[in-house]
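Everything below belongs to query18.cif, which stores mmCIF, C-alpha atoms.
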```cif
data_run
#
loop_
_atom_site.label_atom_id
_atom_site.label_comp_id
_atom_site.auth_asym_id
_atom_site.auth_seq_id
_atom_site.Cartn_x
_atom_site.Cartn_y
_atom_site.Cartn_z
CA VAL A 1 0.00 0.00 0.00
CA SER A 2 1.55 3.29 -1.06
CA GLY A 3 -0.08 5.59 1.50
CA ALA A 4 -0.82 8.11 -1.25
CA ARG A 5 -3.94 10.18 -0.83
CA PRO A 6 -6.30 10.73 -3.78
CA PHE A 7 -6.04 14.52 -4.01
CA CYS A 8 -2.49 15.10 -2.79
CA THR A 9 0.88 15.66 -4.35
CA PRO A 10 3.70 13.20 -3.61
CA ASP A 11 4.90 15.46 -0.75
CA GLY A 12 1.47 15.19 0.94
CA VAL A 13 0.34 18.72 0.05
CA GLY A 14 -3.23 19.03 -1.20
CA ALA A 15 -3.37 19.29 -4.98
CA VAL A 16 -5.81 22.18 -5.29
CA LEU A 17 -5.96 24.88 -7.93
CA ALA A 18 -7.72 28.24 -8.06
CA VAL A 19 -8.92 28.63 -11.65
CA PHE A 20 -9.85 32.10 -12.92
CA TRP A 21 -12.08 32.50 -15.98
CA SER A 22 -12.22 35.36 -18.50
CA GLY A 23 -16.01 35.59 -18.48
CA PRO A 24 -18.51 36.08 -15.68
CA GLY A 25 -18.76 33.18 -13.27
CA TYR A 26 -16.98 30.14 -14.68
CA HIS A 27 -17.52 31.03 -18.34
CA GLY A 28 -15.15 31.99 -21.10
CA SER A 29 -11.60 30.74 -21.24
CA ILE A 30 -9.23 30.06 -18.37
CA SER A 31 -7.17 33.19 -17.79
CA ARG A 32 -5.12 32.33 -14.71
CA VAL A 33 -4.37 29.27 -12.54
CA VAL A 34 -2.86 29.28 -9.05
CA SER A 35 -1.76 26.31 -6.91
CA ILE A 36 -3.44 27.56 -3.72
CA ASN A 37 -1.95 24.95 -1.40
CA GLN A 38 1.62 25.83 -2.31
CA ALA A 39 2.79 29.33 -1.40
CA ALA A 40 5.66 30.89 -3.35
CA PRO A 41 8.55 30.20 -3.69
CA ALA A 42 7.39 26.57 -4.02
CA ARG A 43 7.28 25.04 -7.48
CA PRO A 44 3.66 24.15 -8.37
CA PHE A 45 2.94 20.41 -8.49
CA ILE A 46 1.91 20.72 -12.15
CA SER A 47 3.25 23.24 -14.63
CA ALA A 48 0.06 23.85 -16.64
CA TYR A 49 -3.69 23.32 -16.41
CA HIS A 50 -5.64 23.30 -19.70
CA GLY A 51 -2.72 25.05 -21.38
CA VAL A 52 -2.39 27.84 -18.79
CA ALA A 53 0.78 28.05 -16.67
CA VAL A 54 0.20 27.32 -12.99
CA GLN A 55 1.52 29.91 -10.53
CA ALA A 56 2.38 29.36 -6.86
CA ALA A 57 0.09 31.13 -4.40
CA LYS A 58 1.18 34.37 -2.75
CA PHE A 59 0.59 34.68 0.98
CA GLY A 60 -2.32 37.03 1.73
CA ALA A 61 -3.62 37.15 -1.85
CA ASP A 62 -7.39 36.90 -2.41
CA TYR A 63 -8.37 33.88 -4.51
CA SER A 64 -12.07 33.90 -3.60
CA ALA A 65 -13.19 34.76 -7.15
CA ALA A 66 -11.64 31.58 -8.51
CA GLN A 67 -13.16 28.17 -9.02
CA VAL A 68 -11.51 25.72 -6.61
CA VAL A 69 -10.46 22.61 -8.53
CA PRO A 70 -9.01 19.56 -6.72
CA ILE A 71 -6.57 17.64 -8.89
CA ARG A 72 -6.53 13.88 -8.55
CA GLY A 73 -3.11 12.58 -7.52
CA ASP A 74 -1.49 9.21 -8.16
CA ALA A 75 -3.45 7.28 -5.52
CA PRO A 76 -5.77 4.65 -7.01
CA SER A 77 -9.48 5.45 -7.00
CA ASP A 78 -10.22 1.90 -5.80
CA PRO A 79 -7.39 1.05 -3.38
CA ALA A 80 -6.49 -2.55 -2.54
CA VAL A 81 -6.90 -1.78 1.17
CA PRO A 82 -9.93 0.23 2.33
CA ALA A 83 -9.19 3.38 4.32
CA ASP A 84 -10.80 2.07 7.51
CA ALA A 85 -8.39 -0.87 7.54
CA VAL A 86 -5.50 1.51 8.23
CA THR A 87 -7.25 4.28 10.17
CA ALA A 88 -9.39 4.46 13.29
CA SER A 89 -11.96 6.74 14.82
CA GLY A 90 -10.98 9.22 17.49
CA SER A 91 -11.72 6.65 20.19
CA GLY A 92 -10.09 3.78 18.33
CA LEU A 93 -13.26 1.74 18.93
CA ASP A 94 -15.04 1.42 15.62
CA SER A 95 -18.50 -0.10 15.93
CA GLU A 96 -18.86 -0.23 12.16
CA ILE A 97 -16.48 -1.03 9.30
CA SER A 98 -16.82 -0.85 5.54
CA PRO A 99 -18.10 -3.88 3.60
CA ALA A 100 -14.73 -3.92 1.76
CA TYR A 101 -12.85 -4.25 5.07
CA ALA A 102 -15.25 -7.00 6.19
CA ARG A 103 -14.65 -8.93 2.93
CA ILE A 104 -10.89 -8.83 3.50
CA GLN A 105 -11.40 -10.58 6.85
CA GLU A 106 -13.95 -13.21 5.79
CA ALA A 107 -11.42 -15.95 4.91
CA VAL A 108 -9.57 -15.60 8.23
CA VAL A 109 -12.83 -15.67 10.21
CA ALA A 110 -14.02 -18.73 8.27
CA ARG A 111 -10.74 -20.59 8.78
CA THR A 112 -10.66 -19.72 12.50
CA ARG A 113 -14.25 -20.86 13.07
CA GLY A 114 -13.98 -23.92 10.83
CA ILE A 115 -16.73 -22.81 8.45
CA THR A 116 -16.88 -21.72 4.81
CA VAL A 117 -16.26 -18.22 3.52
CA ALA A 118 -19.80 -18.31 2.07
CA GLN A 119 -21.23 -18.87 5.57
CA VAL A 120 -19.30 -15.90 6.93
CA ALA A 121 -20.27 -13.76 3.92
CA ALA A 122 -23.96 -14.56 4.51
CA VAL A 123 -23.76 -13.33 8.12
CA VAL A 124 -21.79 -10.24 7.02
CA ALA A 125 -24.53 -9.46 4.47
CA THR A 126 -27.16 -9.68 7.21
CA TYR A 127 -25.37 -7.06 9.31
CA SER A 128 -24.45 -4.74 6.44
CA GLY A 129 -26.30 -1.46 6.12
CA GLY A 130 -26.59 1.10 3.39
CA ARG A 131 -25.96 4.81 3.52
CA TYR A 132 -27.90 6.89 6.07
CA LEU A 133 -31.14 8.11 4.52
CA GLY A 134 -30.02 6.38 1.34
CA PHE A 135 -27.43 9.01 0.38
CA MET A 136 -25.32 10.15 3.35
CA GLY A 137 -22.07 8.48 4.38
CA GLU A 138 -20.92 5.06 3.27
CA ALA A 139 -22.29 1.54 3.59
CA THR A 140 -21.25 -0.15 6.85
CA VAL A 141 -21.12 -3.47 8.69
CA ASN A 142 -22.05 -3.48 12.39
CA VAL A 143 -19.09 -5.31 13.97
CA LEU A 144 -20.67 -5.97 17.37
CA ARG A 145 -23.86 -7.48 15.96
CA LEU A 146 -21.86 -9.43 13.37
CA ASN A 147 -19.58 -10.97 16.01
CA LEU A 148 -22.51 -11.82 18.31
CA ALA A 149 -24.32 -13.51 15.40
CA LEU A 150 -21.18 -15.45 14.43
CA ASP A 151 -20.71 -16.57 18.06
CA THR A 152 -24.31 -17.78 18.19
CA ALA A 153 -24.38 -19.53 14.80
CA TYR A 154 -20.76 -20.72 14.58
CA PRO A 155 -19.08 -20.68 17.99
CA TYR A 156 -15.29 -20.73 18.04
CA LYS A 157 -13.89 -24.10 19.14
CA ALA A 158 -10.35 -24.01 20.48
CA LYS A 159 -8.17 -26.78 19.06
#
```
Write out the structure in this file as structure tokens.
Amino acid sequence: VSGARPFCTPDGVGAVLAVFWSGPGYHGSISRVVSINQAAPARPFISAYHGVAVQAAKFGADYSAAQVVPIRGDAPSDPAVPADAVTASGSGLDSEISPAYARIQEAVVARTRGITVAQVAAVVATYSGGRYLGFMGEATVNVLRLNLALDTAYPYKAK
């Protein structure tokens, strides 16, 4: 796992541009581009955006009239390891994990309990939930309920 973040430059600085347009609002052609996360004398993370040279930001300058454009970095859009597998909540006690993180653990849980991955996956599916109100947040798996259900249906037997 590279540790790269989706909208960051290799040095970890946010890859964000302020794009100024020649017309009113965001119409016309691009007239000026500033790397707003990199103050001068830094070298902007890209040299040009849509054919316009990128300038480094100047401390104290007003860029509020610009369109803020995040630039996708080198991090994959679908990483091999989900973010919650390598991060934790503020308390470190996460009651819910992503379905992707649960899938990574299914084979180990199945082997440990002496059951099939399909049996584990079925219980995981039962305790998976969608986004809040159908559109907020991400899908989750309730870890506590999942583990209690696994203990009831497939108790661990020490060898």
Can you turn the PyMOL selection byres ((chain A and resi 32) around 9) into a concrete residue list for this file, as a PyMOL selection string? chain A and resi 18-22+30-31+33-34+52-55
One decimal, Å: what's the distance from atom CA of Val141 of chain A over to atom CA of Ala125 of chain A, could you say? 8.1 Å
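The spacing separating atom CA of Arg72 of chain A from atom CA of Thr140 of chain A amounts to 25.5 Å.
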Just give me the gap between atom CA of Pro99 of chain A and atom CA of Pro79 of chain A in Å, one decimal is fine. 13.7 Å
First collect every listed atom of segment 36-40 of chain A; then fit an axis-aligned box around them, widen it by 8 Å on each side, and give centre and edge lengths in Å to one decimal, as AutoDock Vina command-line options.
```
--center_x 1.1 --center_y 27.9 --center_z -2.6 --size_x 25.1 --size_y 21.9 --size_z 18.3
```
Which polymer residues have any atom within 10 Å of an atom of Pro70 of chain A, counting only C-alpha atoms, with same-chain residues fewer than 4 positions away left out, as a PyMOL selection string? chain A and resi 6-8+14-18+35
The PyMOL selection byres ((chain A and resi 124) around 10) resolved against shown file, as an MDAnalysis selection string: chainID A and resid 99 102:103 106 118:123 125:129 141:143 145:147 149:150
Name the residues in contact with Tyr154 of chain A at a cut-off of 8 Å, using all atoms listed in the file, excluding same-chain residues fewer than 3 positions from it; report them as an mmCIF file with C-alpha atoms, in the frame of the given file.
```
data_model
loop_
_atom_site.group_PDB
_atom_site.id
_atom_site.type_symbol
_atom_site.label_atom_id
_atom_site.label_comp_id
_atom_site.auth_asym_id
_atom_site.auth_seq_id
_atom_site.Cartn_x
_atom_site.Cartn_y
_atom_site.Cartn_z
ATOM 1 C CA ARG A 113 -14.250 -20.860 13.070
ATOM 2 C CA ILE A 115 -16.730 -22.810 8.450
ATOM 3 C CA LEU A 150 -21.180 -15.450 14.430
ATOM 4 C CA ASP A 151 -20.710 -16.570 18.060
#
```
Give me, as a PyMOL selection string, all polymer residues having an atom no more than 8 Å from Ala56 of chain A, counting only C-alpha atoms and skipping those fewer than 5 positions away in the same chain. chain A and resi 34-36+38-44
Just checking: using all atoms listed in the file, which residue out of A:Gln67, A:Ala100, A:Pro24, A:Ser29 ends up closest to Gly51 of chain A? A:Ser29
Starting from the incomplete input, reconstruct N, CA and C atoms of segment 29-45 of chain A and report them as a PDB file, in the coordinates of the input.
```
ATOM      1  N   SER A  29     -12.801  31.581 -21.255  1.00  0.00           N
ATOM      2  CA  SER A  29     -11.600  30.740 -21.240  1.00  0.00           C
ATOM      3  C   SER A  29     -10.873  30.929 -19.905  1.00  0.00           C
ATOM      4  N   ILE A  30     -10.017  29.977 -19.604  1.00  0.00           N
ATOM      5  CA  ILE A  30      -9.230  30.060 -18.370  1.00  0.00           C
ATOM      6  C   ILE A  30      -8.157  31.121 -18.570  1.00  0.00           C
ATOM      7  N   SER A  31      -8.121  32.086 -17.647  1.00  0.00           N
ATOM      8  CA  SER A  31      -7.170  33.190 -17.790  1.00  0.00           C
ATOM      9  C   SER A  31      -5.992  33.093 -16.827  1.00  0.00           C
ATOM     10  N   ARG A  32      -6.180  32.417 -15.707  1.00  0.00           N
ATOM     11  CA  ARG A  32      -5.120  32.330 -14.710  1.00  0.00           C
ATOM     12  C   ARG A  32      -5.363  31.114 -13.819  1.00  0.00           C
ATOM     13  N   VAL A  33      -4.262  30.442 -13.408  1.00  0.00           N
ATOM     14  CA  VAL A  33      -4.370  29.270 -12.540  1.00  0.00           C
ATOM     15  C   VAL A  33      -3.323  29.387 -11.441  1.00  0.00           C
ATOM     16  N   VAL A  34      -3.757  29.172 -10.199  1.00  0.00           N
ATOM     17  CA  VAL A  34      -2.860  29.280  -9.050  1.00  0.00           C
ATOM     18  C   VAL A  34      -2.952  28.003  -8.221  1.00  0.00           C
ATOM     19  N   SER A  35      -1.806  27.462  -7.824  1.00  0.00           N
ATOM     20  CA  SER A  35      -1.760  26.310  -6.910  1.00  0.00           C
ATOM     21  C   SER A  35      -1.932  26.873  -5.501  1.00  0.00           C
ATOM     22  N   ILE A  36      -3.160  26.854  -4.976  1.00  0.00           N
ATOM     23  CA  ILE A  36      -3.440  27.560  -3.720  1.00  0.00           C
ATOM     24  C   ILE A  36      -2.925  26.870  -2.472  1.00  0.00           C
ATOM     25  N   ASN A  37      -2.511  25.632  -2.574  1.00  0.00           N
ATOM     26  CA  ASN A  37      -1.950  24.950  -1.400  1.00  0.00           C
ATOM     27  C   ASN A  37      -0.436  25.064  -1.336  1.00  0.00           C
ATOM     28  N   GLN A  38       0.169  25.714  -2.272  1.00  0.00           N
ATOM     29  CA  GLN A  38       1.620  25.830  -2.310  1.00  0.00           C
ATOM     30  C   GLN A  38       2.014  27.293  -2.461  1.00  0.00           C
ATOM     31  N   ALA A  39       2.398  27.919  -1.364  1.00  0.00           N
ATOM     32  CA  ALA A  39       2.790  29.330  -1.400  1.00  0.00           C
ATOM     33  C   ALA A  39       4.169  29.476  -2.014  1.00  0.00           C
ATOM     34  N   ALA A  40       4.353  30.581  -2.744  1.00  0.00           N
ATOM     35  CA  ALA A  40       5.660  30.890  -3.350  1.00  0.00           C
ATOM     36  C   ALA A  40       6.698  30.959  -2.227  1.00  0.00           C
ATOM     37  N   PRO A  41       7.892  30.498  -2.431  1.00  0.00           N
ATOM     38  CA  PRO A  41       8.550  30.200  -3.690  1.00  0.00           C
ATOM     39  C   PRO A  41       8.470  28.742  -4.116  1.00  0.00           C
ATOM     40  N   ALA A  42       7.511  27.981  -3.630  1.00  0.00           N
ATOM     41  CA  ALA A  42       7.390  26.570  -4.020  1.00  0.00           C
ATOM     42  C   ALA A  42       7.130  26.445  -5.515  1.00  0.00           C
ATOM     43  N   ARG A  43       7.546  25.340  -6.077  1.00  0.00           N
ATOM     44  CA  ARG A  43       7.280  25.040  -7.480  1.00  0.00           C
ATOM     45  C   ARG A  43       5.939  24.320  -7.547  1.00  0.00           C
ATOM     46  N   PRO A  44       4.962  24.817  -8.306  1.00  0.00           N
ATOM     47  CA  PRO A  44       3.660  24.150  -8.370  1.00  0.00           C
ATOM     48  C   PRO A  44       3.791  22.673  -8.761  1.00  0.00           C
ATOM     49  N   PHE A  45       2.886  21.863  -8.260  1.00  0.00           N
ATOM     50  CA  PHE A  45       2.940  20.410  -8.490  1.00  0.00           C
ATOM     51  C   PHE A  45       2.679  20.030  -9.931  1.00  0.00           C
TER      52      PHE A  45
END
```
